[in-house]
$ cat entry-v1.tsv   # TSV, C-alpha atoms
chain	number	residue	atom	x	y	z
A	1	MET	CA	130.51	158.85	68.26
A	2	GLY	CA	131.19	156.89	65.10
A	3	ASP	CA	134.15	154.86	64.00
A	4	GLU	CA	137.13	157.14	64.55
A	5	VAL	CA	139.67	154.60	63.29
A	6	THR	CA	137.92	154.26	59.93
A	7	ARG	CA	137.38	158.00	59.70
A	8	ALA	CA	141.05	158.69	60.37
A	9	LYS	CA	142.12	156.10	57.78
A	10	TRP	CA	140.04	157.67	55.04
A	11	ASP	CA	140.85	161.22	56.09
A	12	LYS	CA	144.49	160.28	55.64
A	13	ALA	CA	143.81	158.73	52.23
A	14	ALA	CA	141.80	161.69	50.95
A	15	ALA	CA	144.67	163.80	49.63
A	16	HIS	CA	146.06	161.05	47.38
A	17	PHE	CA	142.92	159.09	46.65
A	18	ASP	CA	142.22	160.55	43.22
A	19	LEU	CA	145.79	159.94	42.10
A	20	MET	CA	145.48	156.21	42.73
A	21	ALA	CA	141.82	155.66	41.89
A	22	GLY	CA	140.84	158.60	39.77
A	23	ARG	CA	142.20	157.66	36.35
A	24	GLY	CA	142.78	154.06	35.33
A	25	ALA	CA	140.26	152.36	37.59
A	26	GLU	CA	137.56	154.96	37.07
A	27	GLU	CA	138.01	155.03	33.32
A	28	ARG	CA	137.86	151.26	33.20
A	29	TRP	CA	134.75	151.05	35.37
A	30	LYS	CA	132.93	154.08	34.00
A	31	PRO	CA	130.69	152.24	31.46
A	32	PHE	CA	129.54	149.74	34.08
A	33	LYS	CA	128.88	152.42	36.69
A	34	ARG	CA	127.02	154.56	34.20
A	35	GLU	CA	124.75	151.62	33.40
A	36	LEU	CA	124.19	150.79	37.08
A	37	PHE	CA	123.43	154.37	38.07
A	38	SER	CA	121.06	154.78	35.11
A	39	HIS	CA	118.51	152.95	37.31
A	40	MET	CA	118.38	155.89	39.73
A	41	HIS	CA	114.94	157.26	40.57
A	42	GLY	CA	112.94	158.39	43.59
A	43	ARG	CA	114.53	159.01	46.98
A	44	ILE	CA	118.15	157.94	46.61
A	45	LEU	CA	120.84	157.29	49.19
A	46	PHE	CA	124.41	157.03	47.89
A	47	LEU	CA	126.72	155.41	50.38
A	48	ALA	CA	130.34	156.49	50.70
A	49	LEU	CA	130.55	159.31	48.20
A	50	GLY	CA	134.29	159.61	48.84
A	51	THR	CA	135.95	162.25	46.67
A	52	GLY	CA	132.99	162.13	44.30
A	53	LEU	CA	134.65	160.13	41.53
A	54	ASP	CA	131.30	158.49	40.78
A	55	ILE	CA	129.41	161.74	40.32
A	56	PRO	CA	130.20	162.16	36.59
A	57	THR	CA	128.49	158.80	35.99
A	58	PHE	CA	125.23	159.83	37.72
A	59	PRO	CA	122.29	160.57	35.45
A	60	PRO	CA	121.43	164.29	35.47
A	61	GLY	CA	118.54	165.77	37.37
A	62	MET	CA	118.53	163.48	40.38
A	63	THR	CA	118.17	164.51	44.02
A	64	ILE	CA	120.63	162.35	45.90
A	65	THR	CA	121.41	162.08	49.58
A	66	ALA	CA	125.03	161.01	49.97
A	67	ILE	CA	127.01	160.09	53.04
A	68	ASP	CA	130.65	159.43	53.80
A	69	ILE	CA	132.46	158.80	57.05
A	70	SER	CA	135.35	161.09	56.11
A	71	PRO	CA	134.95	164.88	56.13
A	72	LYS	CA	138.21	165.25	54.20
A	73	MET	CA	136.93	162.97	51.45
A	74	LEU	CA	133.77	165.02	51.18
A	75	ALA	CA	135.81	168.22	51.08
A	76	GLN	CA	137.61	166.81	48.03
A	77	ALA	CA	134.22	165.92	46.53
A	78	ARG	CA	132.85	169.45	46.85
A	79	PRO	CA	133.82	170.70	43.33
A	80	ARG	CA	132.27	167.62	41.72
A	81	ILE	CA	129.11	168.04	43.81
A	82	GLU	CA	128.83	171.64	42.62
A	83	ARG	CA	129.33	170.65	38.98
A	84	TYR	CA	126.61	167.97	39.08
A	85	ASP	CA	123.49	168.80	37.06
A	86	GLY	CA	121.12	167.93	39.90
A	87	GLU	CA	121.22	168.06	43.67
A	88	ILE	CA	123.53	166.14	45.97
A	89	GLN	CA	123.13	166.61	49.71
A	90	ALA	CA	126.32	165.31	51.26
A	91	HIS	CA	126.57	164.43	54.94
A	92	VAL	CA	129.41	163.21	57.11
A	93	MET	CA	127.89	160.06	58.56
A	94	ASP	CA	128.86	156.53	59.53
A	95	VAL	CA	126.74	153.83	57.90
A	96	HIS	CA	126.59	152.04	61.23
A	97	ASP	CA	125.11	155.10	62.88
A	98	MET	CA	122.83	156.77	60.33
A	99	SER	CA	120.35	159.37	61.55
A	100	PHE	CA	117.78	158.73	58.81
A	101	ALA	CA	114.34	157.43	59.76
A	102	ASP	CA	113.29	153.90	58.86
A	103	ASP	CA	112.14	153.37	55.25
A	104	SER	CA	113.48	156.77	54.15
A	105	PHE	CA	114.75	155.79	50.71
A	106	ASP	CA	113.47	154.09	47.56
A	107	GLN	CA	116.94	153.11	46.40
A	108	ILE	CA	120.43	152.81	47.83
A	109	PHE	CA	123.58	152.79	45.72
A	110	THR	CA	127.09	151.82	46.76
A	111	SER	CA	130.33	151.94	44.81
A	112	CYS	CA	133.41	150.13	46.12
A	113	THR	CA	132.10	150.65	49.62
A	114	PHE	CA	131.68	147.32	51.36
A	115	CYS	CA	135.33	146.48	50.92
A	116	SER	CA	135.89	149.13	53.58
A	117	VAL	CA	132.94	149.10	55.96
A	118	PRO	CA	134.35	147.54	59.15
A	119	ASP	CA	131.22	145.50	59.94
A	120	PRO	CA	129.79	144.74	56.50
A	121	ILE	CA	126.76	142.76	57.61
A	122	GLY	CA	125.95	145.35	60.26
A	123	GLY	CA	126.34	148.09	57.67
A	124	LEU	CA	124.07	146.30	55.22
A	125	ARG	CA	121.46	145.79	57.94
A	126	ALA	CA	121.62	149.50	58.63
A	127	LEU	CA	120.95	150.12	54.94
A	128	ARG	CA	118.02	147.73	55.04
A	129	ARG	CA	116.56	149.74	57.90
A	130	VAL	CA	116.51	153.02	55.96
A	131	LEU	CA	115.34	151.40	52.70
A	132	ARG	CA	111.58	151.12	52.21
A	133	PRO	CA	110.09	147.64	51.84
A	134	GLY	CA	110.44	146.67	48.21
A	135	GLY	CA	113.22	149.24	47.79
A	136	GLU	CA	116.29	148.42	45.74
A	137	LEU	CA	119.95	148.10	46.66
A	138	TYR	CA	122.39	148.53	43.76
A	139	MET	CA	126.06	147.83	44.41
A	140	PHE	CA	129.23	148.14	42.37
A	141	GLU	CA	131.79	146.24	44.42
A	142	HIS	CA	134.98	144.27	44.30
A	143	THR	CA	135.02	141.12	46.37
A	144	GLY	CA	137.20	138.15	47.08
A	145	SER	CA	137.43	135.38	44.52
A	146	ALA	CA	136.17	131.82	44.90
A	147	TYR	CA	138.94	130.59	42.61
A	148	TYR	CA	142.59	129.75	43.22
A	149	PRO	CA	145.16	131.23	42.93
A	150	PHE	CA	143.28	134.53	43.00
A	151	ARG	CA	141.71	133.69	46.34
A	152	ILE	CA	145.11	133.30	48.01
A	153	MET	CA	146.46	136.42	46.33
A	154	MET	CA	143.56	138.49	47.61
A	155	ASP	CA	143.85	137.09	51.11
A	156	MET	CA	147.55	138.04	51.07
A	157	MET	CA	146.84	141.48	49.65
A	158	THR	CA	144.26	142.14	52.34
A	159	LEU	CA	146.92	141.82	55.02
A	160	LEU	CA	148.53	144.91	53.49
A	161	THR	CA	145.64	146.90	52.08
A	162	ARG	CA	143.38	146.92	55.12
A	163	ARG	CA	145.97	149.07	56.91
A	164	VAL	CA	145.57	151.90	54.41
A	165	GLY	CA	142.24	151.26	52.73
A	166	PRO	CA	140.00	148.42	51.61
A	167	ASP	CA	139.90	144.68	52.21
A	168	MET	CA	140.33	142.63	49.04
A	169	ASN	CA	138.65	139.42	50.13
A	170	ARG	CA	135.17	140.35	51.26
A	171	THR	CA	132.23	137.97	50.65
A	172	THR	CA	129.86	140.79	49.82
A	173	VAL	CA	127.24	138.73	47.96
A	174	ALA	CA	126.86	136.39	50.92
A	175	ASN	CA	126.84	139.37	53.25
A	176	VAL	CA	123.97	140.97	51.33
A	177	LYS	CA	121.93	137.81	51.80
A	178	ALA	CA	122.93	137.53	55.46
A	179	ALA	CA	121.74	141.09	56.03
A	180	GLY	CA	118.25	140.14	54.95
A	181	PHE	CA	118.11	141.35	51.36
A	182	GLU	CA	116.77	139.27	48.48
A	183	LEU	CA	119.29	138.98	45.70
A	184	ARG	CA	117.99	139.79	42.24
A	185	GLU	CA	121.14	139.80	40.12
A	186	VAL	CA	124.88	139.38	40.43
A	187	ASN	CA	126.77	140.41	37.32
A	188	ASN	CA	130.48	139.61	37.13
A	189	LEU	CA	132.42	142.33	35.34
A	190	PHE	CA	135.99	141.07	35.84
A	191	LEU	CA	136.56	137.45	36.86
A	192	ASP	CA	134.32	136.90	39.90
A	193	VAL	CA	135.93	139.86	41.63
A	194	VAL	CA	134.49	143.09	40.20
A	195	LYS	CA	130.72	142.85	40.05
A	196	THR	CA	127.40	144.60	40.27
A	197	ILE	CA	124.80	143.34	42.71
A	198	LYS	CA	121.10	144.10	42.70
A	199	ALA	CA	119.01	143.19	45.74
A	200	ILE	CA	115.73	144.27	47.27
A	201	LYS	CA	114.41	144.68	50.77
A	202	PRO	CA	111.57	142.17	50.98
A	203	ALA	CA	108.21	143.90	50.80
A	204	GLY	CA	106.02	143.58	53.85
A	205	GLU	CA	108.74	142.37	56.17
A	206	ARG	CA	108.45	143.18	59.84
A	207	LYS	CA	110.78	145.87	61.13
A	208	THR	CA	113.57	143.96	62.83
A	209	LEU	CA	116.32	146.38	63.66
A	210	GLY	CA	119.63	144.62	63.68
A	211	GLY	CA	118.33	141.85	61.44
A	212	ALA	CA	117.54	139.39	64.22
A	213	GLY	CA	117.01	135.85	63.12
A	214	MET	CA	119.35	135.86	60.12
A	215	GLU	CA	120.97	132.57	59.36
A	216	GLY	CA	124.64	132.06	58.66
A	217	GLU	CA	127.28	134.66	59.30
A	218	PRO	CA	129.77	134.66	56.44
A	219	ARG	CA	133.24	135.87	57.23
A	220	PRO	CA	133.39	139.66	57.09
B	1	MET	CA	137.68	141.41	28.87
B	2	ASP	CA	137.87	145.09	28.11
B	3	PHE	CA	138.07	145.56	24.34
B	4	ARG	CA	139.11	149.21	24.45
B	5	PRO	CA	142.56	149.35	22.77
B	6	PHE	CA	144.05	151.50	25.51
B	7	PHE	CA	143.32	148.85	28.12
B	8	ILE	CA	144.31	145.90	25.95
B	9	ILE	CA	147.67	147.56	25.32
B	10	GLY	CA	147.86	148.48	28.99
B	11	ASP	CA	147.29	144.87	30.03
B	12	LEU	CA	149.99	143.67	27.63
B	13	ILE	CA	152.47	146.29	28.83
B	14	SER	CA	151.72	145.70	32.53
B	15	ASN	CA	152.04	141.94	32.39
B	16	GLY	CA	154.96	141.93	29.97
B	17	LEU	CA	156.84	144.36	32.19
B	18	VAL	CA	156.20	142.38	35.36
B	19	GLY	CA	157.26	139.14	33.65
B	20	ALA	CA	160.40	140.72	32.24
B	21	VAL	CA	161.46	142.16	35.60
B	22	VAL	CA	160.82	138.88	37.40
B	23	GLY	CA	162.69	136.91	34.69
B	24	LEU	CA	165.58	139.35	34.86
B	25	LEU	CA	165.82	139.07	38.64
B	26	CYS	CA	165.69	135.27	38.47
B	27	ALA	CA	168.43	135.17	35.82
B	28	LEU	CA	170.61	137.49	37.92
B	29	THR	CA	170.18	135.65	41.20
B	30	VAL	CA	169.49	131.92	40.66
B	31	GLY	CA	172.45	129.67	39.98
B	32	VAL	CA	172.68	126.34	38.16
B	33	GLY	CA	172.34	123.42	40.55
B	34	TRP	CA	170.26	125.24	43.17
B	35	PRO	CA	167.39	123.14	44.64
B	36	MET	CA	164.64	123.42	42.08
B	37	PHE	CA	161.65	123.12	44.40
B	38	VAL	CA	162.91	125.77	46.81
B	39	VAL	CA	163.75	128.11	43.92
B	40	MET	CA	160.30	127.56	42.43
B	41	ILE	CA	158.55	128.60	45.65
B	42	LEU	CA	160.81	131.60	46.27
B	43	ALA	CA	160.62	132.75	42.66
B	44	MET	CA	156.82	132.57	42.72
B	45	LEU	CA	156.78	134.74	45.83
B	46	LEU	CA	159.29	137.09	44.19
B	47	GLY	CA	156.99	137.33	41.17
B	48	MET	CA	154.02	138.33	43.29
B	49	LEU	CA	156.14	140.84	45.20
B	50	VAL	CA	157.40	142.47	42.00
B	51	ALA	CA	153.83	142.62	40.69
B	52	LEU	CA	152.71	144.25	43.91
B	53	VAL	CA	155.40	146.92	43.70
B	54	LEU	CA	154.73	147.66	40.03
B	55	PHE	CA	150.98	147.63	40.60
B	56	PHE	CA	151.03	151.06	42.18
B	57	PRO	CA	152.38	153.02	39.19
B	58	LEU	CA	150.63	150.82	36.63
B	59	SER	CA	147.23	151.05	38.32
B	60	ILE	CA	147.20	154.81	37.95
B	61	PHE	CA	146.86	154.36	34.21
B	62	PHE	CA	145.37	150.95	33.56
B	63	GLY	CA	142.97	150.01	36.38
B	64	ALA	CA	142.81	148.38	39.77
B	65	MET	CA	141.76	144.73	40.02
B	66	GLU	CA	142.18	144.34	36.27
B	67	VAL	CA	145.88	145.10	36.76
B	68	MET	CA	146.55	143.64	40.19
B	69	LEU	CA	145.27	140.10	39.69
B	70	PRO	CA	146.67	139.37	36.22
B	71	THR	CA	150.08	140.83	37.07
B	72	MET	CA	150.33	138.88	40.32
B	73	PHE	CA	149.41	135.72	38.43
B	74	SER	CA	151.85	136.55	35.62
B	75	GLY	CA	154.61	137.34	38.08
B	76	MET	CA	154.02	134.07	39.88
B	77	ILE	CA	154.12	131.99	36.70
B	78	SER	CA	157.11	133.86	35.26
B	79	GLY	CA	159.03	133.42	38.49
B	80	MET	CA	158.20	129.74	38.63
B	81	VAL	CA	159.24	128.99	35.04
B	82	VAL	CA	162.34	131.18	34.82
B	83	GLY	CA	163.46	130.30	38.33
B	84	MET	CA	163.30	126.58	37.65
B	85	TRP	CA	164.92	127.06	34.24
B	86	CYS	CA	167.84	128.85	35.83
B	87	THR	CA	168.52	125.91	38.15
B	88	MET	CA	169.14	123.76	35.06
B	89	VAL	CA	170.76	126.13	32.54
B	90	ALA	CA	172.52	129.46	33.01
B	91	LEU	CA	170.41	132.21	31.41
B	92	SER	CA	171.67	135.64	30.40
B	93	PRO	CA	169.73	138.55	31.93
B	94	GLY	CA	168.26	139.37	28.53
B	95	SER	CA	167.14	135.82	27.95
B	96	GLY	CA	165.64	135.67	31.44
B	97	ALA	CA	163.72	138.88	30.85
B	98	PHE	CA	162.51	137.68	27.45
B	99	LEU	CA	161.40	134.30	28.81
B	100	GLY	CA	159.71	135.99	31.76
B	101	ALA	CA	157.81	138.34	29.48
B	102	ILE	CA	156.64	135.48	27.27
B	103	CYS	CA	155.44	133.51	30.31
B	104	ALA	CA	153.62	136.60	31.61
B	105	LEU	CA	151.85	137.21	28.32
B	106	ALA	CA	150.79	133.56	28.19
B	107	SER	CA	149.48	133.94	31.75
B	108	LEU	CA	147.54	137.02	30.70
B	109	MET	CA	145.88	134.99	27.96
B	110	ILE	CA	144.81	132.44	30.60
B	111	VAL	CA	143.30	135.23	32.70
B	112	TRP	CA	141.46	136.57	29.66
B	113	VAL	CA	140.01	133.11	28.96
B	114	LEU	CA	139.02	132.68	32.62
B	115	ASN	CA	137.45	136.10	32.60
B	116	LYS	CA	135.46	135.25	29.49
B	117	ARG	CA	134.05	132.20	31.30
B	118	LEU	CA	133.23	134.02	34.55
B	119	GLN	CA	131.88	137.29	33.20
B	120	GLY	CA	128.16	137.97	33.03
B	121	PRO	CA	124.97	137.64	35.07
B	122	GLN	CA	125.12	134.90	37.69
B	123	LEU	CA	121.51	134.73	38.84
B	124	CYS	CA	118.17	136.45	38.60
B	125	VAL	CA	116.30	135.18	41.66
B	126	ASP	CA	117.41	134.57	45.22
B	127	GLY	CA	118.92	131.24	46.16
B	128	GLY	CA	122.13	129.29	45.76
B	129	ASP	CA	125.66	130.26	46.54
B	130	HIS	CA	127.13	132.90	44.31
B	131	GLY	CA	130.55	133.16	45.86
B	132	GLY	CA	132.26	136.49	46.36

$ encode --input "entry-v1.tsv" --output "structure tokens"
Amino acid sequence: MGDEVTRAKWDKAAAHFDLMAGRGAEERWKPFKRELFSHMHGRILFLALGTGLDIPTFPPGMTITAIDISPKMLAQARPRIERYDGEIQAHVMDVHDMSFADDSFDQIFTSCTFCSVPDPIGGLRALRRVLRPGGELYMFEHTGSAYYPFRIMMDMMTLLTRRVGPDMNRTTVANVKAAGFELREVNNLFLDVVKTIKAIKPAGERKTLGGAGMEGEPRP
Amino acid sequence: MDFRPFFIIGDLISNGLVGAVVGLLCALTVGVGWPMFVVMILAMLLGMLVALVLFFPLSIFFGAMEVMLPTMFSGMISGMVVGMWCTMVALSPGSGAFLGAICALASLMIVWVLNKRLQGPQLCVDGGDHGG
């Protein structure tokens, strides 16, 4: 069935999304995204393709499976998908309810995604399921800040922004660990808020759907 | 920080504008003799509110978090300083805007210094608390 509330929220945002996020933010983040996505190889899952703003920063020649919960977002992405010098197979799919088999991908990439996934630890566990043991998770995310006064500001902003889009105060690094990944690198790009995260699914781990036995549940 | 001239100028414009607007509003509304502590709190909130409103047009050109956080901080500091100042001495709207802009640009410098300290790789192997 999927998350109809989240789908409706992003369907509603689709028409104006590029106006708000397509110029300043993308231009500012482009060098960092290009560097992060330069690690792409093998079977790749890209989570939350949105309107495809990230596609121009993908290296050419890749075969990428991409998902997004919003069909209207993916409709906006269609021209960028067609212009990409490679293959992007885009599917309307909820990260919490993915139809891919276990261990289907060598790498998973996200870009400003886990500010919006309603159950971030559940979503990350779902990613761990479809990632092969030893596979890599690369994330470009904005998170909450550990420092005042930014922490308070982002908590206040979240009261507003979660109605129309993302949360501003997610603890994504802690969530990645809680979902059973091994962190390899966290690279702060702006304060401790905009960052890239590299993690791996531990090789040889038993298949534990739902991530049973994880310690510590950070706030979502 | 981002050393591309477009974004440096954008940061200066964004924060200077927010500070000027907050300073102007404080100079227009706060009177001499008003309770300083109450004015300080309200003016800080006003500063963040102004930053939030101006964030939407400014972010289209200059970025998201890189605009939102510094301008909210700048607005807060500008509101605090100009608001408290206005409880002691009557400021003209122009002076309030000028003082607000100066405070905002000083706040931006603080954010740039903080950013310089926080930027970069935080760890290479699992373990420890990495915030965020």

$ interface_residues --input "entry-v1.tsv" --of "chain A" --to "chain B" --cutoff "9 Å" --atoms "only C-alpha atoms" --output "PyMOL selection string"
chain A and resi 19-29+142-146+149-150+153-154+157+169-174+177+182-195+199

$ closest_residue --input "entry-v1.tsv" --among "B:Ile110, B:Ala20, B:Met44, B:Val30" --to "Met88 of chain B" --atoms "all atoms listed in the file"
B:Val30

$ atom_distance --input "entry-v1.tsv" --atom1 "atom CA of Ala104 of chain B" --atom2 "atom CA of Tyr148 of chain A"
17.4 Å

$ atom_distance --input "entry-v1.tsv" --atom1 "atom CA of Ile67 of chain A" --atom2 "atom CA of Gly180 of chain A"
21.9 Å

$ atom_distance --input "entry-v1.tsv" --atom1 "atom CA of Val39 of chain B" --atom2 "atom CA of Leu108 of chain B"
22.7 Å

$ closest_residue --input "entry-v1.tsv" --among "B:Val21, B:Leu42, B:Ile8, B:Ala51" --to "Ile102 of chain B" --atoms "all atoms listed in the file"
B:Val21

$ residues_around --input "entry-v1.tsv" --residues "Pro60 of chain A" --least-positions-apart "3" --cutoff "12 Å" --atoms "only C-alpha atoms" --output "JSON, numbers by chain"
{"A": [34, 37, 38, 39, 40, 41, 55, 56, 57, 63, 64, 81, 83, 84, 85, 86, 87, 88]}

$ residues_around --input "entry-v1.tsv" --residues "Leu54 of chain B" --least-positions-apart "6" --cutoff "9 Å" --atoms "all atoms listed in the file" --output "short mmCIF file (atom, residue, chain, number, x, y, z; two decimals) with C-alpha atoms, keeping the file's coordinate frame"
data_model
loop_
_atom_site.label_atom_id
_atom_site.label_comp_id
_atom_site.auth_asym_id
_atom_site.auth_seq_id
_atom_site.Cartn_x
_atom_site.Cartn_y
_atom_site.Cartn_z
CA SER B 14 151.72 145.70 32.53
CA LEU B 17 156.84 144.36 32.19
CA VAL B 18 156.20 142.38 35.36
CA THR B 71 150.08 140.83 37.07
#
